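Asks: Can you read through this structure? Questions will come right after.
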Amino acid sequence: MAMCNPVDVPRQAWLFVRQDESIRLTKLTLGATLLVFGPGATEHSHHFDTDATLEEFRSWYQARLFQDGWALEQVPDRRKERRAPPPGSDRRRLREV
């Protein structure tokens, strides 16, 4: 059974690699949920009451991955996502032809 992520849900992701395997941790910011994809086709979801308990578990899980020889390959991008300006807010002048 595959889990699906709603496109509009903000998330952060961490990619861990070991030889030809990978594990991706995905934190959904709505609902304090941590999704674990890998290694292989393995998928798990962990639901928490608070963000603090989710972060505590993620920190423990990440330390365990390091102990088992996994390397952190990719970390979350902390920059804000660019959003399209609202319609009619374009300040560029239109060139008349």
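Following the order of the structure tokens, first chain is A, next is B, and so on, with residues numbered from 1 inside each chain and ligands from 1 in the order they appear.
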DSSP on the backbone, then: every residue of range 7-57 of chain A marked helix (DSSP H, G or I), written as number ranges by chain.
Replies: A: 51-57
Asks: Pick the closest to Leu25 in chain A from A:Ala63, A:Asp51, A:Ala41, A:Arg58: which is it, counting only C-alpha atoms?
Replies: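 Result for the nearest residue to Leu25 in chain A: A:Arg58.
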Asks: Between CA of Arg64 in chain A and CA of Leu30 in chain A, measure the distance and give it in Å to one decimal.
Replies: 25.2 Å
Asks: Taking into account only C-alpha atoms, which residue in the set A:Glu73, A:Asp49, A:Glu55, A:Glu43 is nearest to Trp14 in chain A?
Replies: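 For Trp14 in chain A, the nearest of the candidates is A:Glu73.
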Asks: Have a look at CA of Gly31 in chain A and CA of Ser59 in chain A and let me know their distance in Å, one decimal.
Replies: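 Distance between the two atoms: 18.1 Å.
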Asks: Enter the distance from CA of Leu28 in chain A to CA of Thr50 in chain A, in Å, rounded to one decimal.
Replies: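 If I compute the distance from CA of Leu28 in chain A to CA of Thr50 in chain A, I get 12.0 Å.
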Asks: Which residue is closest to Leu54 in chain A? Choose from A:Leu72, A:Ala32, A:Gln67, A:Gln12 and count only C-alpha atoms.
Replies: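 Using only C-alpha atoms, the shortest distance to Leu54 in chain A belongs to A:Ala32.
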Asks: Write out as an mmCIF file with N, CA and C atoms, in the first residue's frame which residues come within 10 Å of Leu65 in chain A when counting only C-alpha atoms, dropping same-chain ones fewer than 4 positions away.
Replies:
data_model
loop_
_atom_site.group_PDB
_atom_site.id
_atom_site.type_symbol
_atom_site.label_atom_id
_atom_site.label_comp_id
_atom_site.auth_asym_id
_atom_site.auth_seq_id
_atom_site.Cartn_x
_atom_site.Cartn_y
_atom_site.Cartn_z
ATOM 1 N N PHE A 16 19.062 10.044 3.241
ATOM 2 C CA PHE A 16 20.203 9.310 3.769
ATOM 3 C C PHE A 16 20.584 8.236 2.759
ATOM 4 N N VAL A 17 21.893 8.039 2.557
ATOM 5 C CA VAL A 17 22.363 7.026 1.610
ATOM 6 C C VAL A 17 23.405 6.135 2.270
ATOM 7 N N ARG A 18 23.437 4.905 1.807
ATOM 8 C CA ARG A 18 24.454 3.932 2.220
ATOM 9 C C ARG A 18 24.643 2.988 1.038
ATOM 10 N N ILE A 23 17.247 6.141 2.156
ATOM 11 C CA ILE A 23 16.101 6.318 3.048
ATOM 12 C C ILE A 23 15.763 7.797 3.030
ATOM 13 N N SER A 59 15.248 12.981 15.596
ATOM 14 C CA SER A 59 16.636 13.108 16.047
ATOM 15 C C SER A 59 17.193 11.746 16.464
ATOM 16 N N TRP A 60 16.403 10.967 17.215
ATOM 17 C CA TRP A 60 16.823 9.622 17.623
ATOM 18 C C TRP A 60 17.022 8.728 16.390
ATOM 19 N N TYR A 61 16.081 8.771 15.462
ATOM 20 C CA TYR A 61 16.131 7.938 14.263
ATOM 21 C C TYR A 61 17.348 8.299 13.412
ATOM 22 N N GLY A 69 25.770 3.397 9.680
ATOM 23 C CA GLY A 69 26.557 3.642 8.476
ATOM 24 C C GLY A 69 25.898 4.467 7.394
ATOM 25 N N TRP A 70 24.762 5.068 7.676
ATOM 26 C CA TRP A 70 24.076 5.906 6.697
ATOM 27 C C TRP A 70 24.689 7.305 6.730
ATOM 28 N N ALA A 71 24.702 7.980 5.586
ATOM 29 C CA ALA A 71 25.217 9.347 5.485
ATOM 30 C C ALA A 71 24.092 10.271 5.035
ATOM 31 N N LEU A 72 24.066 11.458 5.606
ATOM 32 C CA LEU A 72 23.068 12.455 5.224
ATOM 33 C C LEU A 72 23.500 13.089 3.913
#
Asks: Which neighbours of range 20-22 of chain A fall inside 8 Å, counting only C-alpha atoms, when residues of the same chain fewer than 4 positions from it are skipped, and could you give them as a compact mmCIF listing (two decimals) with C-alpha atoms, in the first residue's frame?
Replies:
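Wrote part.txt, looks like this:
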# COMPACT_ATOMS: atom_id res chain seq x y z
CA LEU A 15 17.85 11.92 2.28
CA PHE A 16 20.20 9.31 3.77
CA GLY A 38 13.17 3.04 2.27
CA PRO A 39 15.34 1.25 2.17
CA GLY A 40 13.88 -0.34 -0.93
Asks: Skipping near chain neighbours, those fewer than 6 positions away, what residues fall within 9 Å of His44 in chain A using only C-alpha atoms, listed as a PyMOL selection string?
Replies: chain A and resi 3+34-38
Asks: So that I can check the surroundings of Arg11 in chain A, please list as a ChimeraX atom specification every protein, DNA and RNA residue that reaches within 8 Å of it, counting only C-alpha atoms and ignoring chain neighbours fewer than 6 positions away.
Replies: /A:26-29
Asks: The selected residues should be written to file as a JSON list (two decimals), in the first residue's frame (atoms: C-alpha atoms).
Replies:
[["chain", "number", "residue", "atom", "x", "y", "z"],
["A", 26, "THR", "CA", 9.64, 13.44, 5.12],
["A", 27, "LYS", "CA", 8.14, 15.66, 7.81],
["A", 28, "LEU", "CA", 4.63, 16.88, 7.06],
["A", 29, "THR", "CA", 4.18, 20.15, 8.91]]
